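K.L.:
What follows is a structure written as structure tokens; I'll ask about it next.
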Amino acid sequence: MGIPLLRGRDFTDRDADPDRPVFVINESLAVKYWPGEDPIGQRITVDMGAKPMPGEIVGIAASVKDQTLDGASAPCVFYPHPALPIGYMSFVVRTSGAPAALAKAIPQIVHSIDPHQPVVDIQTMDQMLLRSVSNRRFQTLLLAFFAAIALVLAAVGIYGVISYAVVQRTNEIGIRMALGASRADVLCLVAGRGAIILLGGLVLGLAGALALTHTISTFLFEVKPTDPLTFAAGAGVLVLVALAALAVPARRASRVDPLTALRFE
């Protein structure tokens with residue numbers, strides 16, 4: 001599984017003796033029951049077989065998330081299977097090739113040893129990972145869909161407001177151009193109006209996102225809800241969309257004919 005051994009030793013062939021069981025514990029269990037101490041050499045009792053099985057701790061492995069990615073790493077004990085045989089188990093097969101290619105070979109190997117042994121639910125680690133995050137993935141995609149709709153509505157709103165403002169100020173724009181204002185001046189005038197709307201939207205949006213960090217955190221894995229890069233990326237996307245929405249009315253305003261504008265009612 002690639003779980004690193006932090007201290008002590010791993011299992012050997014001699015540890016398969018059920019009369020002298022040894023255990024490897026994970027770091028979460030070591031911290032919980034032996035804080036600030038070295039648990040190697042300590043004896044514990046594992047109650048999983050027909051009777052409680054006492055044994056010695058010989059190693060400490062790193063803690064892993066074996067249930068959900070957003071959950072805590074639970075205390076865990078590893079033991080040689082001959083020491084505590086149970087009626088069902090899972091095999092993990094490591095390969096350097098395509099994992100899916102072993103889907104047919106694994107049952108054949110098992111059945112060559114015991115033809116009556118059922119082999120079910122063969123899946124790759126990637127499939128297990130996708131299954132474990134399927135609910136969160138759906139929720140995140142749903143939120144992303146609504147966020148995209150909100151972004152489109154924001155762009156349409158900015159475009160509509162600026163276009164309406166240009167129409168309302170066509171007479172003013174014509175007078176400015178008749179008095180010597182350049183197209184760049186008109187562009188700055190329209191862009192300034194849009195910048196005020198954009199700045200207000202960014203302030204309100206960032207404040208709302210910060211207020212909802214607790215809710216957002218339930219959809220994140222190893223990403224802080226207040227991650228500055230994420231906030232900067234979101235603000236950057238909104239700025240780009242707003243600039244694109246501003247481009248058309250600003251360009252239209254800069255092309256206003258002063259004579260036509262002065263006659264505009």
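Chain labels A, B, ... are given in the sequence in which chains occur in the structure tokens; within each chain residues are numbered consecutively from 1, and ligands are likewise numbered from 1 in the order shown.
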Would you mind listing what lies within 7 Å of Ile60 of chain A as number ranges by chain, with only C-alpha atoms counted and same-chain residues fewer than 5 positions away left out?
P.N.:
A: 5-8, 24-27
K.L.:
Got a sec to tell me which of segment 20-152 of chain A DSSP assigns to helix (DSSP H, G or I), as a VMD selection string?
P.N.:
chain A and resid 27 to 33 81 to 83 99 to 102 105 to 113 125 to 132 134 to 152
K.L.:
Using DSSP assignments from the backbone, pull out every residue in segment 31-67 of chain A that falls under strand (DSSP E) and give it to me as a list in words.
P.N.:
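Matching residues, listed in order: Arg43, Ile44, Thr45, Val46, Met53, Pro54, Gly55, Glu56, Ile57, Val58, Gly59, Ile60 and Ala61 of chain A.
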K.L.:
The selected residues should be written to file as an mmCIF file, in the first residue's frame (atoms: C-alpha atoms).
P.N.:
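Saved to result02.cif:
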data_model
loop_
_atom_site.group_PDB
_atom_site.id
_atom_site.type_symbol
_atom_site.label_atom_id
_atom_site.label_comp_id
_atom_site.auth_asym_id
_atom_site.auth_seq_id
_atom_site.Cartn_x
_atom_site.Cartn_y
_atom_site.Cartn_z
ATOM 1 C CA ARG A 43 1.955 -5.174 24.812
ATOM 2 C CA ILE A 44 -1.650 -4.760 23.680
ATOM 3 C CA THR A 45 -4.605 -7.103 23.245
ATOM 4 C CA VAL A 46 -6.529 -7.223 19.975
ATOM 5 C CA MET A 53 -5.028 -11.983 21.289
ATOM 6 C CA PRO A 54 -2.258 -10.322 23.344
ATOM 7 C CA GLY A 55 0.892 -9.331 21.489
ATOM 8 C CA GLU A 56 3.845 -6.997 21.332
ATOM 9 C CA ILE A 57 4.141 -3.765 19.333
ATOM 10 C CA VAL A 58 7.152 -3.976 17.014
ATOM 11 C CA GLY A 59 6.648 -0.987 14.718
ATOM 12 C CA ILE A 60 4.835 2.294 14.063
ATOM 13 C CA ALA A 61 3.444 3.122 10.618
#
K.L.:
Using only C-alpha atoms, can you tell me which of A:Ser254, A:Thr226, A:Asn135, A:Gln67 comes closest to Met177 of chain A?
P.N.:
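Closest residue, counting only C-alpha atoms: A:Ser254.
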K.L.:
Please provide the set of residues having any atom within 12 Å of Ala242 of chain A, restricted to only C-alpha atoms, with same-chain residues fewer than 4 positions apart removed, written as a ChimeraX atom specification.
P.N.:
/A:151-162,191,193-199,201-202,235-238,246-250
K.L.:
Let me make sure I understand: among A:Ile175, A:Ala211, A:Ile149, A:Val64, which one has the smallest atom-to-atom distance to Val77 of chain A if we use only C-alpha atoms?
P.N.:
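Counting only C-alpha atoms, the residue closest to Val77 of chain A is A:Val64.
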K.L.:
Work out how far apart atom CA of Pro4 of chain A and atom CA of Ser28 of chain A are and give it in Å to one decimal.
P.N.:
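Taking atom CA of Pro4 of chain A and atom CA of Ser28 of chain A, their separation equals 13.8 Å.
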K.L.:
Atom CA of His214 of chain A and atom CA of Leu129 of chain A, how far apart in Å?
P.N.:
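If I compute the distance from atom CA of Leu129 of chain A to atom CA of His214 of chain A, I get 24.5 Å.
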